[in-house]
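Colleague: Sharing start_13.txt (compact mmCIF, C-alpha atoms) below.
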```
# COMPACT_ATOMS: atom_id res chain seq x y z
CA MET L 1 46.55 -29.96 42.04
CA THR L 2 49.32 -27.36 41.78
CA ASP L 3 47.44 -24.29 40.47
CA TYR L 4 44.93 -22.77 42.88
CA THR L 5 43.90 -19.67 40.98
CA GLY L 6 40.49 -21.25 40.31
CA ILE L 7 39.61 -20.76 43.99
CA ASP L 8 38.22 -17.22 43.91
CA PRO L 9 35.69 -16.55 46.68
CA GLU L 10 35.63 -12.83 45.96
CA GLY L 11 34.65 -13.47 42.36
CA GLY L 12 32.16 -16.22 43.20
CA ARG L 13 34.07 -19.08 41.53
CA ILE L 14 35.38 -22.21 43.27
CA ASP L 15 37.49 -24.87 41.59
CA ARG L 16 35.68 -28.14 42.26
CA ARG L 17 38.99 -29.95 42.62
CA ILE L 18 38.97 -28.84 46.27
CA PHE L 19 36.52 -31.69 46.92
CA SER L 20 38.92 -34.44 45.86
CA GLY L 21 42.57 -35.38 45.85
CA ASP L 22 44.86 -36.77 48.53
CA GLU L 23 47.49 -34.01 48.27
CA LEU L 24 45.01 -31.23 49.03
CA TYR L 25 43.36 -33.28 51.77
CA CYS L 26 46.67 -33.90 53.55
CA ARG L 27 47.25 -30.16 53.50
CA GLU L 28 43.79 -29.63 55.05
CA VAL L 29 44.57 -32.09 57.85
CA ALA L 30 47.72 -30.14 58.72
CA ARG L 31 46.62 -26.56 58.11
CA ILE L 32 42.91 -26.60 58.92
CA PHE L 33 42.46 -29.37 61.49
CA GLY L 34 45.96 -28.92 62.88
CA ARG L 35 45.46 -25.19 63.48
CA CYS L 36 41.81 -24.40 64.17
CA TRP L 37 39.79 -24.57 67.36
CA LEU L 38 37.70 -27.73 66.93
CA PHE L 39 34.57 -28.69 68.86
CA VAL L 40 35.18 -31.81 70.96
CA ALA L 41 32.37 -32.08 73.54
CA HIS L 42 29.61 -30.50 75.56
CA GLU L 43 30.48 -30.21 79.24
CA SER L 44 27.30 -32.11 80.12
CA GLN L 45 28.84 -35.23 78.55
CA ILE L 46 31.63 -35.36 81.14
CA PRO L 47 30.16 -34.01 84.40
CA GLN L 48 32.34 -35.90 86.93
CA PRO L 49 36.11 -36.40 87.35
CA GLY L 50 37.17 -39.46 85.38
CA ASP L 51 34.34 -39.09 82.84
CA PHE L 52 35.53 -39.24 79.24
CA ILE L 53 34.31 -39.45 75.68
CA SER L 54 36.13 -40.49 72.53
CA THR L 55 35.93 -38.20 69.52
CA TYR L 56 38.09 -36.77 66.72
CA MET L 57 40.09 -33.71 65.84
CA GLY L 58 40.50 -34.15 62.10
CA GLU L 59 41.93 -37.64 61.71
CA GLU L 60 43.16 -37.78 65.32
CA ASN L 61 41.15 -39.91 67.72
CA VAL L 62 41.15 -38.03 71.04
CA LEU L 63 39.85 -38.54 74.56
CA VAL L 64 38.09 -35.62 76.23
CA VAL L 65 38.61 -36.22 79.95
CA ARG L 66 37.31 -34.46 83.06
CA GLN L 67 40.27 -34.07 85.43
CA ARG L 68 40.25 -34.46 89.21
CA ASP L 69 40.41 -30.66 89.58
CA THR L 70 37.33 -30.44 87.24
CA SER L 71 39.37 -28.98 84.35
CA ILE L 72 39.22 -30.73 80.96
CA ALA L 73 42.11 -32.36 79.09
CA VAL L 74 42.12 -33.58 75.49
CA LEU L 75 44.49 -36.51 74.92
CA VAL L 76 45.51 -38.04 71.61
CA ASN L 77 44.37 -41.65 71.94
CA ALA L 78 47.72 -43.18 71.01
CA CYS L 79 50.26 -45.09 73.09
CA PRO L 80 53.80 -43.64 72.84
CA HIS L 81 55.30 -47.14 73.12
CA ARG L 82 54.13 -48.90 69.94
CA GLY L 83 51.36 -46.57 68.81
CA ASN L 84 48.29 -48.63 69.64
CA ARG L 85 44.96 -47.01 70.46
CA VAL L 86 44.92 -46.82 74.25
CA CYS L 87 41.18 -46.63 74.94
CA HIS L 88 38.62 -48.43 72.77
CA ALA L 89 35.51 -47.30 74.68
CA GLU L 90 33.46 -44.43 73.23
CA VAL L 91 32.32 -43.12 76.62
CA GLY L 92 32.88 -44.02 80.25
CA ARG L 93 34.37 -43.23 83.63
CA THR L 94 37.81 -44.38 84.68
CA ARG L 95 40.73 -43.81 87.04
CA SER L 96 43.34 -44.45 84.36
CA PHE L 97 43.84 -45.61 80.77
CA VAL L 98 45.70 -48.87 80.04
CA CYS L 99 46.96 -49.93 76.62
CA ASN L 100 45.93 -53.44 75.58
CA TYR L 101 49.17 -54.12 73.71
CA HIS L 102 51.92 -53.98 76.37
CA GLY L 103 50.12 -52.83 79.50
CA TRP L 104 51.39 -49.25 79.74
CA SER L 105 49.03 -47.21 81.94
CA PHE L 106 48.32 -43.49 81.93
CA GLY L 107 46.64 -41.08 84.31
CA LEU L 108 43.63 -38.92 83.50
CA ASP L 109 46.09 -36.24 82.40
CA GLY L 110 47.81 -38.61 79.96
CA GLN L 111 51.01 -38.93 81.99
CA LEU L 112 52.67 -42.36 81.99
CA LYS L 113 52.12 -43.96 85.40
CA ALA L 114 53.35 -47.54 85.10
CA VAL L 115 54.66 -50.12 82.64
CA HIS L 116 54.31 -53.89 82.52
CA GLU L 117 57.50 -55.73 83.61
CA ALA L 118 58.99 -52.43 84.66
CA PRO L 119 62.58 -53.29 85.75
CA PRO L 120 64.15 -53.98 82.33
CA ILE L 121 62.34 -51.01 80.82
CA GLU L 122 63.09 -48.53 83.60
CA ARG L 123 66.81 -49.33 83.71
CA SER L 124 67.18 -48.75 79.98
CA PRO L 125 69.20 -45.59 79.15
CA GLY L 126 67.01 -42.71 78.12
CA PHE L 127 63.77 -44.04 79.63
CA ASP L 128 61.91 -41.04 81.09
CA LYS L 129 58.28 -41.33 82.18
CA ARG L 130 57.87 -37.57 81.96
CA ARG L 131 58.47 -37.66 78.20
CA LEU L 132 56.39 -40.73 77.42
CA GLY L 133 52.86 -39.57 78.15
CA MET L 134 49.95 -39.51 75.72
CA PRO L 135 50.11 -36.41 73.47
CA ARG L 136 47.77 -33.59 74.47
CA ALA L 137 46.00 -30.79 72.65
CA ALA L 138 47.91 -27.53 72.92
CA ALA L 139 44.92 -25.74 74.44
CA VAL L 140 41.38 -26.52 75.63
CA SER L 141 38.71 -23.91 76.23
CA SER L 142 34.95 -23.80 76.81
CA TYR L 143 32.30 -21.35 75.75
CA LYS L 144 29.07 -21.68 77.78
CA GLY L 145 29.17 -25.47 77.75
CA LEU L 146 30.78 -26.07 74.35
CA VAL L 147 34.31 -27.46 74.65
CA PHE L 148 36.88 -26.72 71.94
CA ALA L 149 40.51 -27.78 71.58
CA THR L 150 43.39 -26.94 69.24
CA PHE L 151 46.74 -28.50 68.40
CA ASP L 152 48.21 -25.07 67.62
CA PRO L 153 50.24 -23.67 70.56
CA ASN L 154 50.07 -20.23 68.92
CA ALA L 155 46.30 -20.20 68.39
CA ARG L 156 44.55 -17.04 69.51
CA PRO L 157 42.14 -17.41 72.45
CA LEU L 158 38.85 -19.15 71.68
CA GLU L 159 36.78 -16.07 72.50
CA ASP L 160 38.79 -14.07 69.96
CA GLU L 161 38.32 -16.80 67.38
CA LEU L 162 34.54 -16.79 67.90
CA GLY L 163 34.50 -12.98 68.09
CA GLU L 164 31.15 -11.39 67.43
CA PHE L 165 29.71 -14.80 66.58
CA ARG L 166 29.28 -15.27 70.35
CA TRP L 167 26.31 -12.88 70.14
CA TYR L 168 24.58 -15.47 67.97
CA LEU L 169 25.76 -18.50 69.93
CA ASP L 170 24.20 -17.03 73.06
CA ILE L 171 20.80 -17.42 71.41
CA LEU L 172 21.21 -21.16 71.86
CA LEU L 173 23.53 -21.35 74.85
CA ASP L 174 22.36 -18.53 77.11
CA ASN L 175 18.61 -18.17 76.63
CA ASP L 176 18.01 -19.81 80.02
CA PRO L 177 19.92 -19.31 83.30
CA ALA L 178 20.41 -23.08 83.73
CA GLY L 179 22.26 -23.40 80.42
CA THR L 180 22.13 -26.31 78.00
CA GLU L 181 22.98 -29.99 77.75
CA PHE L 182 23.30 -32.74 75.18
CA LEU L 183 20.72 -35.48 75.57
CA PRO L 184 22.42 -38.83 76.25
CA GLY L 185 23.58 -40.77 73.22
CA ALA L 186 24.71 -39.77 69.76
CA PHE L 187 23.95 -40.52 66.13
CA LYS L 188 27.00 -41.75 64.20
CA ASN L 189 27.06 -42.62 60.54
CA VAL L 190 29.32 -42.50 57.49
CA MET L 191 28.66 -40.50 54.32
CA ARG L 192 30.66 -40.67 51.11
CA CYS L 193 31.17 -36.95 50.72
CA ASN L 194 33.86 -34.32 51.24
CA TRP L 195 33.61 -32.65 54.67
CA LYS L 196 33.28 -29.15 53.19
CA VAL L 197 30.07 -29.96 51.30
CA PRO L 198 27.77 -30.35 54.34
CA ALA L 199 29.64 -27.62 56.24
CA GLU L 200 28.89 -25.10 53.50
CA ASN L 201 25.31 -26.37 53.23
CA PHE L 202 24.57 -25.63 56.88
CA ILE L 203 26.36 -22.29 56.81
CA GLY L 204 23.54 -20.85 54.72
CA ASP L 205 22.07 -22.79 51.79
CA ALA L 206 18.44 -21.71 51.94
CA LEU L 207 18.02 -22.32 48.22
CA HIS L 208 18.08 -26.10 48.54
CA ALA L 209 15.39 -26.25 51.26
CA GLY L 210 12.41 -25.32 49.11
CA TRP L 211 13.41 -27.84 46.43
CA THR L 212 15.23 -30.72 48.12
CA HIS L 213 13.01 -30.89 51.22
CA ASP L 214 9.65 -29.74 49.89
CA SER L 215 8.15 -33.16 49.21
CA GLY L 216 9.40 -34.51 52.54
CA ALA L 217 7.90 -31.56 54.38
CA ARG L 218 4.56 -32.08 52.64
CA ALA L 219 4.55 -35.78 53.54
CA MET L 220 5.45 -35.22 57.19
CA LEU L 221 3.90 -31.84 58.01
CA GLY L 222 1.17 -31.48 55.41
CA LYS L 223 2.67 -28.35 53.88
CA GLY L 224 5.70 -27.40 51.85
CA VAL L 225 8.77 -25.42 52.79
CA ALA L 226 8.19 -21.68 53.25
CA PRO L 227 9.75 -19.32 50.66
CA SER L 228 13.22 -18.11 51.59
CA ASP L 229 13.44 -14.88 49.61
CA SER L 230 12.07 -11.96 51.64
CA PRO L 231 13.30 -8.62 53.08
CA ASN L 232 13.67 -10.14 56.55
CA THR L 233 16.31 -12.74 55.65
CA TYR L 234 20.02 -12.33 56.28
CA GLN L 235 23.34 -14.07 56.02
CA ILE L 236 25.91 -13.18 58.68
CA ASN L 237 29.54 -14.24 58.87
CA VAL L 238 32.40 -13.74 61.33
CA ASN L 239 35.89 -15.26 60.86
CA GLY L 240 34.49 -17.85 58.47
CA HIS L 241 31.64 -18.82 60.84
CA GLY L 242 28.19 -18.24 59.37
CA TRP L 243 24.54 -17.92 60.42
CA GLN L 244 21.57 -17.68 58.06
CA VAL L 245 18.19 -16.53 59.35
CA ASN L 246 14.68 -15.94 58.01
CA LEU L 247 12.76 -13.75 60.47
CA ASP L 248 9.45 -14.04 58.63
CA TYR L 249 8.87 -17.54 60.06
CA PRO L 250 9.95 -17.28 63.73
CA LEU L 251 8.92 -20.86 64.56
CA GLY L 252 9.99 -22.41 61.27
CA ASN L 253 12.76 -24.73 62.41
CA ALA L 254 10.87 -25.93 65.47
CA ALA L 255 7.78 -26.63 63.37
CA THR L 256 9.72 -29.14 61.25
CA LEU L 257 9.91 -31.43 64.29
CA GLY L 258 6.16 -32.01 63.94
CA ASP L 259 5.35 -31.65 67.66
CA LYS L 260 3.07 -28.83 68.82
CA ARG L 261 4.40 -29.16 72.38
CA ILE L 262 7.78 -27.81 71.27
CA VAL L 263 6.19 -24.85 69.50
CA SER L 264 4.11 -24.10 72.61
CA TYR L 265 7.19 -24.36 74.84
CA LEU L 266 9.07 -21.83 72.71
CA ARG L 267 6.12 -19.43 72.58
CA GLU L 268 5.68 -19.61 76.34
CA ARG L 269 9.35 -18.72 76.84
CA GLU L 270 9.49 -15.88 74.32
CA ALA L 271 8.91 -13.09 76.87
CA GLU L 272 11.55 -14.50 79.24
CA VAL L 273 14.09 -14.88 76.44
CA SER L 274 13.29 -11.39 75.17
CA GLN L 275 14.03 -9.93 78.58
CA ARG L 276 17.30 -11.88 78.79
CA LEU L 277 18.63 -11.46 75.24
CA GLY L 278 16.42 -8.82 73.63
CA PRO L 279 13.41 -9.17 71.27
CA LEU L 280 15.45 -9.85 68.13
CA ARG L 281 17.39 -12.76 69.54
CA ALA L 282 14.24 -14.13 71.15
CA ARG L 283 12.75 -14.19 67.67
CA MET L 284 15.86 -15.78 66.18
CA LEU L 285 15.84 -18.65 68.71
CA ALA L 286 13.36 -20.69 66.69
CA ALA L 287 13.41 -18.92 63.33
CA ILE L 288 14.32 -20.70 60.10
CA SER L 289 18.08 -20.70 60.59
CA SER L 290 21.18 -22.75 60.01
CA ALA L 291 24.78 -22.22 61.07
CA THR L 292 28.35 -23.51 60.88
CA ILE L 293 31.31 -22.72 63.11
CA PHE L 294 34.40 -23.02 60.95
CA PRO L 295 35.56 -25.56 60.03
CA ASN L 296 33.19 -28.47 60.73
CA LEU L 297 30.62 -27.82 63.48
CA SER L 298 27.03 -27.18 62.33
CA PHE L 299 23.62 -26.81 63.97
CA LEU L 300 20.00 -25.82 63.39
CA PRO L 301 18.70 -23.31 65.97
CA GLY L 302 15.21 -24.20 67.18
CA GLN L 303 15.42 -27.62 65.57
CA SER L 304 18.28 -28.55 67.94
CA THR L 305 20.39 -30.93 65.88
CA PHE L 306 24.07 -30.33 66.61
CA ARG L 307 26.67 -32.06 64.44
CA VAL L 308 30.34 -32.44 63.49
CA TRP L 309 31.56 -33.49 60.04
CA HIS L 310 34.70 -35.52 60.82
CA PRO L 311 36.86 -35.93 57.70
CA ARG L 312 37.83 -39.45 56.62
CA GLY L 313 39.85 -38.73 53.53
CA PRO L 314 38.78 -36.45 50.69
CA HIS L 315 35.69 -38.50 49.80
CA GLU L 316 34.19 -39.58 53.12
CA ILE L 317 33.06 -38.22 56.48
CA GLU L 318 31.95 -39.66 59.80
CA LEU L 319 29.03 -37.65 61.08
CA HIS L 320 28.51 -37.37 64.84
CA SER L 321 25.35 -35.58 65.95
CA TRP L 322 23.49 -34.84 69.18
CA VAL L 323 20.35 -33.12 70.43
CA LEU L 324 20.96 -29.85 72.30
CA VAL L 325 18.28 -28.78 74.80
CA ASN L 326 17.88 -26.39 77.70
CA ARG L 327 18.91 -28.17 80.89
CA SER L 328 15.80 -26.87 82.67
CA ALA L 329 13.33 -27.96 79.96
CA PRO L 330 10.59 -30.39 81.07
CA GLN L 331 11.40 -34.03 80.33
CA GLU L 332 8.46 -34.33 77.92
CA ILE L 333 9.94 -31.45 75.87
CA LYS L 334 13.38 -33.11 75.83
CA ASP L 335 11.77 -36.37 74.71
CA ALA L 336 9.86 -34.52 71.99
CA TYR L 337 13.08 -32.93 70.71
CA ARG L 338 14.80 -36.32 70.64
CA LYS L 339 11.97 -37.89 68.66
CA GLY L 340 11.70 -34.93 66.30
CA VAL L 341 15.42 -34.93 65.49
CA MET L 342 15.31 -38.69 64.89
CA MET L 343 12.51 -38.14 62.36
CA THR L 344 14.29 -35.33 60.53
CA PHE L 345 18.09 -35.22 60.95
CA SER L 346 19.33 -38.68 61.89
CA PRO L 347 20.67 -41.53 59.70
CA GLY L 348 17.06 -42.55 59.03
CA GLY L 349 15.69 -39.01 59.14
CA LEU L 350 13.65 -37.71 56.24
CA PHE L 351 15.67 -34.54 55.62
CA GLU L 352 19.05 -36.12 56.32
CA MET L 353 18.52 -38.70 53.57
CA ASP L 354 17.57 -35.91 51.14
CA ASP L 355 20.77 -34.02 51.94
CA GLY L 356 23.10 -37.01 52.10
CA GLU L 357 22.29 -38.12 48.58
CA ASN L 358 23.03 -34.65 47.21
CA TRP L 359 26.29 -34.30 49.15
CA GLU L 360 27.55 -37.68 47.98
CA PHE L 361 26.84 -36.89 44.34
CA VAL L 362 28.52 -33.47 44.58
CA THR L 363 31.65 -35.26 45.78
CA ARG L 364 31.42 -38.07 43.24
CA VAL L 365 30.81 -35.80 40.26
CA SER L 366 33.68 -33.50 41.29
CA ARG L 367 36.11 -36.38 40.77
CA GLY L 368 35.39 -36.53 37.05
CA GLY L 369 38.08 -35.15 34.77
CA GLN L 370 35.71 -33.24 32.50
CA ALA L 371 33.43 -31.97 35.28
CA ARG L 372 36.43 -30.48 37.09
CA ARG L 373 37.18 -28.25 34.14
CA GLN L 374 34.19 -26.08 35.01
CA PRO L 375 34.43 -23.98 38.21
CA LEU L 376 31.42 -23.91 40.50
CA TYR L 377 29.30 -20.77 40.73
CA TYR L 378 29.16 -19.05 44.13
CA GLY L 379 28.19 -15.59 42.88
CA THR L 380 24.64 -15.21 44.18
CA GLY L 381 24.33 -12.11 46.35
CA LEU L 382 27.57 -10.42 45.38
CA GLY L 383 27.35 -6.78 46.47
CA THR L 384 24.55 -7.29 49.01
CA GLU L 385 26.49 -6.44 52.17
CA THR L 386 24.48 -4.13 54.40
CA ARG L 387 24.36 -2.62 57.87
CA HIS L 388 21.87 -3.74 60.50
CA PRO L 389 21.21 -1.79 63.69
CA GLU L 390 21.44 -4.92 65.87
CA LEU L 391 23.10 -7.77 63.98
CA PRO L 392 26.90 -7.85 64.50
CA GLY L 393 29.43 -9.22 62.03
CA LYS L 394 29.30 -8.91 58.25
CA VAL L 395 25.63 -8.86 57.31
CA PHE L 396 24.18 -9.56 53.85
CA ASN L 397 20.62 -9.14 52.61
CA GLY L 398 18.74 -12.21 51.47
CA ALA L 399 18.76 -15.88 52.40
CA ILE L 400 19.21 -16.83 48.72
CA ASN L 401 22.82 -15.74 48.87
CA ASP L 402 26.27 -17.34 48.69
CA ALA L 403 27.84 -14.76 51.01
CA ASN L 404 28.46 -17.21 53.85
CA GLN L 405 29.92 -19.81 51.52
CA ARG L 406 32.28 -17.20 50.07
CA ALA L 407 33.37 -16.25 53.60
CA PHE L 408 33.86 -19.92 54.46
CA TYR L 409 36.17 -20.50 51.49
CA ARG L 410 37.97 -17.21 52.08
CA ARG L 411 38.89 -18.44 55.56
CA TRP L 412 39.76 -21.88 54.18
CA LEU L 413 42.04 -20.32 51.56
CA ASP L 414 43.79 -18.10 54.11
CA LEU L 415 44.56 -21.06 56.37
CA MET L 416 45.63 -23.35 53.56
CA ASP L 417 48.25 -20.81 52.43
CA LEU L 418 48.20 -22.26 48.93
CA PRO L 419 50.78 -21.39 46.28
CA ARG L 420 49.32 -19.15 43.61
CA SER L 421 50.22 -18.78 39.93
CA GLU L 422 48.82 -17.31 36.77
CA PRO L 423 45.41 -18.75 35.87
CA ALA L 424 45.57 -21.96 33.91
CA PRO L 425 42.85 -23.22 31.58
CA LEU L 426 40.33 -25.37 33.45
```
Turn the structure described in the file into structure tokens.
Modeller:
Amino acid sequence: MTDYTGIDPEGGRIDRRIFSGDELYCREVARIFGRCWLFVAHESQIPQPGDFISTYMGEENVLVVRQRDTSIAVLVNACPHRGNRVCHAEVGRTRSFVCNYHGWSFGLDGQLKAVHEAPPIERSPGFDKRRLGMPRAAAVSSYKGLVFATFDPNARPLEDELGEFRWYLDILLDNDPAGTEFLPGAFKNVMRCNWKVPAENFIGDALHAGWTHDSGARAMLGKGVAPSDSPNTYQINVNGHGWQVNLDYPLGNAATLGDKRIVSYLREREAEVSQRLGPLRARMLAAISSATIFPNLSFLPGQSTFRVWHPRGPHEIELHSWVLVNRSAPQEIKDAYRKGVMMTFSPGGLFEMDDGENWEFVTRVSRGGQARRQPLYYGTGLGTETRHPELPGKVFNGAINDANQRAFYRRWLDLMDLPRSEPAPL
């Protein structure tokens, strides 16, 4: 793909070739996942020094490690000797990391500590332990429990990157003085789709809910999905991050979990949250909402699924997801959230299976030579930007709107820095 003029977020047209092709994908790995702040962990997953989890930043397997001084380091899980994966555990607690291949050992900070049969290695010219540690992320930063890292030494601070989107994140992360946590364990599964397809779905695709998920909702809850088009629905975007909300159904997302205890818990806390964050954000806590932090972190407020779309080439992702809850919530409420998310958005969840099939076919169809001649339509809601007395960021009227998708691809295009030319026939 050498001509990128078909990618036109402002005009509501996207060339579907962005969902396939190794050349474009390699550029994404370098310019998106090599530059952006990427979510790597929740602090509750690594509470003690020596605690670690294994995750990914793009294609890079990394270890998120709590240091002895309680700071957090993110290490590329690769031995500098012969390139083997150093740690094969997904989660644990350790004093050091030792490579299986030749016995090189590394501290919690990734520095080389010792080598097997050291004398002949250490007397070799040029051997320098200080230069042979595990590679590290250029920067690591947390926002109210969420840990992000970047490989870009020139990246702006995380708080600047999130910008006004922090006002929305606080709805989830700061509605209770005790903060939040991930419940133990994670869902992990593979989908045959391009990573951008689910990311743009969660950033604000209300249109699919009433069609794709209606029959599932009727089977599980006894009623269909509520209409999305009303005066009290908005799409909001900041720096490519997006949040969609329908204020007409303030307990909509929580209700999909099918447990009245969760709805009661949220109602009982509404006055407390209103005092802490204001009435509007208290209402948004459990409203019908969905959100994505650019590029690949998505979540459903009120429903509490929290997920990362890890790219595995242009046609496949590895999905890691967790359940986010208030740390102070009663155990029965945490258990209810866990069960509800398993029923809805897990590998065997009713709504996840609906979505996964669609995402896989979007990717598969976009590989066809004739299908790729026709650009995709992202023009719904053009010209609907508005001002809201309380909502920060760029605000657009209507949940049936492609405004957040257009903002997502505008940010994608800026980071990709693609060569442009005169439009070519598609």
Colleague: Expressed in Å to a single decimal, how great is the separation between atom CA of Gly204 of chain L and atom CA of His388 of chain L?
Modeller: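 Atom CA of His388 of chain L lies 18.1 Å from atom CA of Gly204 of chain L.
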Colleague: Mind giving me the straight-line distance from atom CA of Ala30 of chain L to atom CA of Met416 of chain L in Å, one decimal?
Modeller: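 That distance, rounded to one decimal, is 8.8 Å.
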Colleague: Kindly indicate which residue among L:Lys196, L:His213, L:Arg387, L:Arg35 lies nearest to Asn296 of chain L, using all atoms listed in the file for the distances.
Modeller: L:Lys196
Colleague: What lies within 12 Å of Arg267 of chain L using only C-alpha atoms, ignoring chain neighbours under 6 positions off, as a short mmCIF file (atom, residue, chain, number, x, y, z; two decimals) with C-alpha atoms, in the coordinates of the input?
Modeller:
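What follows is the written file result22.cif:
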```cif
data_model
loop_
_atom_site.label_atom_id
_atom_site.label_comp_id
_atom_site.auth_asym_id
_atom_site.auth_seq_id
_atom_site.Cartn_x
_atom_site.Cartn_y
_atom_site.Cartn_z
CA PRO L 250 9.95 -17.28 63.73
CA LEU L 251 8.92 -20.86 64.56
CA ALA L 254 10.87 -25.93 65.47
CA ALA L 255 7.78 -26.63 63.37
CA LYS L 260 3.07 -28.83 68.82
CA ARG L 261 4.40 -29.16 72.38
CA VAL L 273 14.09 -14.88 76.44
CA SER L 274 13.29 -11.39 75.17
CA ALA L 282 14.24 -14.13 71.15
CA ARG L 283 12.75 -14.19 67.67
CA LEU L 285 15.84 -18.65 68.71
CA ALA L 286 13.36 -20.69 66.69
CA ALA L 287 13.41 -18.92 63.33
CA GLY L 302 15.21 -24.20 67.18
#
```
Colleague: Atom CA of Gly133 of chain L to atom CA of Trp104 of chain L: how many Å, to one decimal?
Modeller: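 According to the coordinates, atom CA of Gly133 of chain L and atom CA of Trp104 of chain L are separated by 9.9 Å.
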Colleague: Between L:Met284, L:Ile72, L:Val115, L:Val140, which is the closest to Gly50 of chain L once you count all atoms listed in the file?
Modeller: L:Ile72
Colleague: So, with all atoms listed in the file as the atoms that count, which of L:Ala89, L:Leu413, L:Ala407, L:Val197 lies closest to Pro314 of chain L?
Modeller: L:Val197
Colleague: Rank nothing, just name the residue among L:Val308, L:Val64, L:Leu146, L:Met134 nearest to Val98 of chain L, using all atoms listed in the file.
Modeller: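 So, comparing all the options, the nearest one is L:Met134.
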Colleague: Which residue gives the smallest distance to Arg327 of chain L among L:Glu268, L:Glu200, L:Glu23, L:Glu181, with all atoms listed in the file counted?
Modeller: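 Distance minimum relative to Arg327 of chain L lands on L:Glu181.
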Colleague: When distances are computed from all atoms listed in the file, which of L:Arg95, L:Arg166, L:Arg192, L:His320 shows the smallest separation from Pro392 of chain L?
Modeller: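 Closest to Pro392 of chain L, using all atoms listed in the file: L:Arg166.
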Colleague: List the neighbours of Arg131 of chain L out to 12 Å using only C-alpha atoms; skip same-chain residues closer than 6 positions along the sequence, and give me the result as a PyMOL selection string.
Modeller: chain L and resi 80-81+110-113
Colleague: Would you mind exporting the chosen residues as a PDB file, in the coordinates of the input, restricted to C-alpha atoms?
Modeller:
```pdb
ATOM      1  CA  PRO L  80      53.800 -43.640  72.840  1.00  0.00           C
ATOM      2  CA  HIS L  81      55.300 -47.140  73.120  1.00  0.00           C
ATOM      3  CA  GLY L 110      47.810 -38.610  79.960  1.00  0.00           C
ATOM      4  CA  GLN L 111      51.010 -38.930  81.990  1.00  0.00           C
ATOM      5  CA  LEU L 112      52.670 -42.360  81.990  1.00  0.00           C
ATOM      6  CA  LYS L 113      52.120 -43.960  85.400  1.00  0.00           C
TER       7      LYS L 113
END
```
Colleague: In the coordinates of the file, take the point (44.5, -31.0, 47.8) and a cut-off of 10 Å; then, counting only C-alpha atoms, name each qualifying protein, DNA or RNA residue as an mmCIF file with C-alpha atoms, in the frame of the given file.
Modeller:
```cif
data_model
loop_
_atom_site.group_PDB
_atom_site.id
_atom_site.type_symbol
_atom_site.label_atom_id
_atom_site.label_comp_id
_atom_site.auth_asym_id
_atom_site.auth_seq_id
_atom_site.Cartn_x
_atom_site.Cartn_y
_atom_site.Cartn_z
ATOM 1 C CA MET L 1 46.550 -29.960 42.040
ATOM 2 C CA THR L 2 49.320 -27.360 41.780
ATOM 3 C CA TYR L 4 44.930 -22.770 42.880
ATOM 4 C CA ARG L 17 38.990 -29.950 42.620
ATOM 5 C CA ILE L 18 38.970 -28.840 46.270
ATOM 6 C CA PHE L 19 36.520 -31.690 46.920
ATOM 7 C CA SER L 20 38.920 -34.440 45.860
ATOM 8 C CA GLY L 21 42.570 -35.380 45.850
ATOM 9 C CA ASP L 22 44.860 -36.770 48.530
ATOM 10 C CA GLU L 23 47.490 -34.010 48.270
ATOM 11 C CA LEU L 24 45.010 -31.230 49.030
ATOM 12 C CA TYR L 25 43.360 -33.280 51.770
ATOM 13 C CA CYS L 26 46.670 -33.900 53.550
ATOM 14 C CA ARG L 27 47.250 -30.160 53.500
ATOM 15 C CA GLU L 28 43.790 -29.630 55.050
ATOM 16 C CA PRO L 314 38.780 -36.450 50.690
ATOM 17 C CA MET L 416 45.630 -23.350 53.560
ATOM 18 C CA LEU L 418 48.200 -22.260 48.930
#
```
Colleague: Can you tell me, as a list in words, what residues are no more than 6 Å from segment 401-405 of chain L when counting all atoms listed in the file, ignoring any on the same chain fewer than 4 positions away?
Modeller: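 The residues that qualify are Glu200, Asn237, Gly242, Tyr378, Thr380 and Gly381 of chain L.
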Colleague: May I have the selected residues written with C-alpha atoms, as a PDB file, in the frame of the given file?
Modeller:
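Heads up, here's the output in out_32.pdb:
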```
ATOM      1  CA  GLU L 200      28.890 -25.100  53.500  1.00  0.00           C
ATOM      2  CA  ASN L 237      29.540 -14.240  58.870  1.00  0.00           C
ATOM      3  CA  GLY L 242      28.190 -18.240  59.370  1.00  0.00           C
ATOM      4  CA  TYR L 378      29.160 -19.050  44.130  1.00  0.00           C
ATOM      5  CA  THR L 380      24.640 -15.210  44.180  1.00  0.00           C
ATOM      6  CA  GLY L 381      24.330 -12.110  46.350  1.00  0.00           C
TER       7      GLY L 381
END
```
Colleague: Select, counting only C-alpha atoms, all protein, DNA and RNA residues no farther than 9 Å from (29.8, -27.2, 43.6) in file coordinates, and express the selection as a VMD selection string.
Modeller: chain L and resid 14 to 16 19 197 362 to 363 366 375 to 378
Colleague: Could you save those same residues with C-alpha atoms as a PDB file, keeping the file's coordinate frame?
Modeller:
```pdb
ATOM      1  CA  ILE L  14      35.380 -22.210  43.270  1.00  0.00           C
ATOM      2  CA  ASP L  15      37.490 -24.870  41.590  1.00  0.00           C
ATOM      3  CA  ARG L  16      35.680 -28.140  42.260  1.00  0.00           C
ATOM      4  CA  PHE L  19      36.520 -31.690  46.920  1.00  0.00           C
ATOM      5  CA  VAL L 197      30.070 -29.960  51.300  1.00  0.00           C
ATOM      6  CA  VAL L 362      28.520 -33.470  44.580  1.00  0.00           C
ATOM      7  CA  THR L 363      31.650 -35.260  45.780  1.00  0.00           C
ATOM      8  CA  SER L 366      33.680 -33.500  41.290  1.00  0.00           C
ATOM      9  CA  PRO L 375      34.430 -23.980  38.210  1.00  0.00           C
ATOM     10  CA  LEU L 376      31.420 -23.910  40.500  1.00  0.00           C
ATOM     11  CA  TYR L 377      29.300 -20.770  40.730  1.00  0.00           C
ATOM     12  CA  TYR L 378      29.160 -19.050  44.130  1.00  0.00           C
TER      13      TYR L 378
END
```
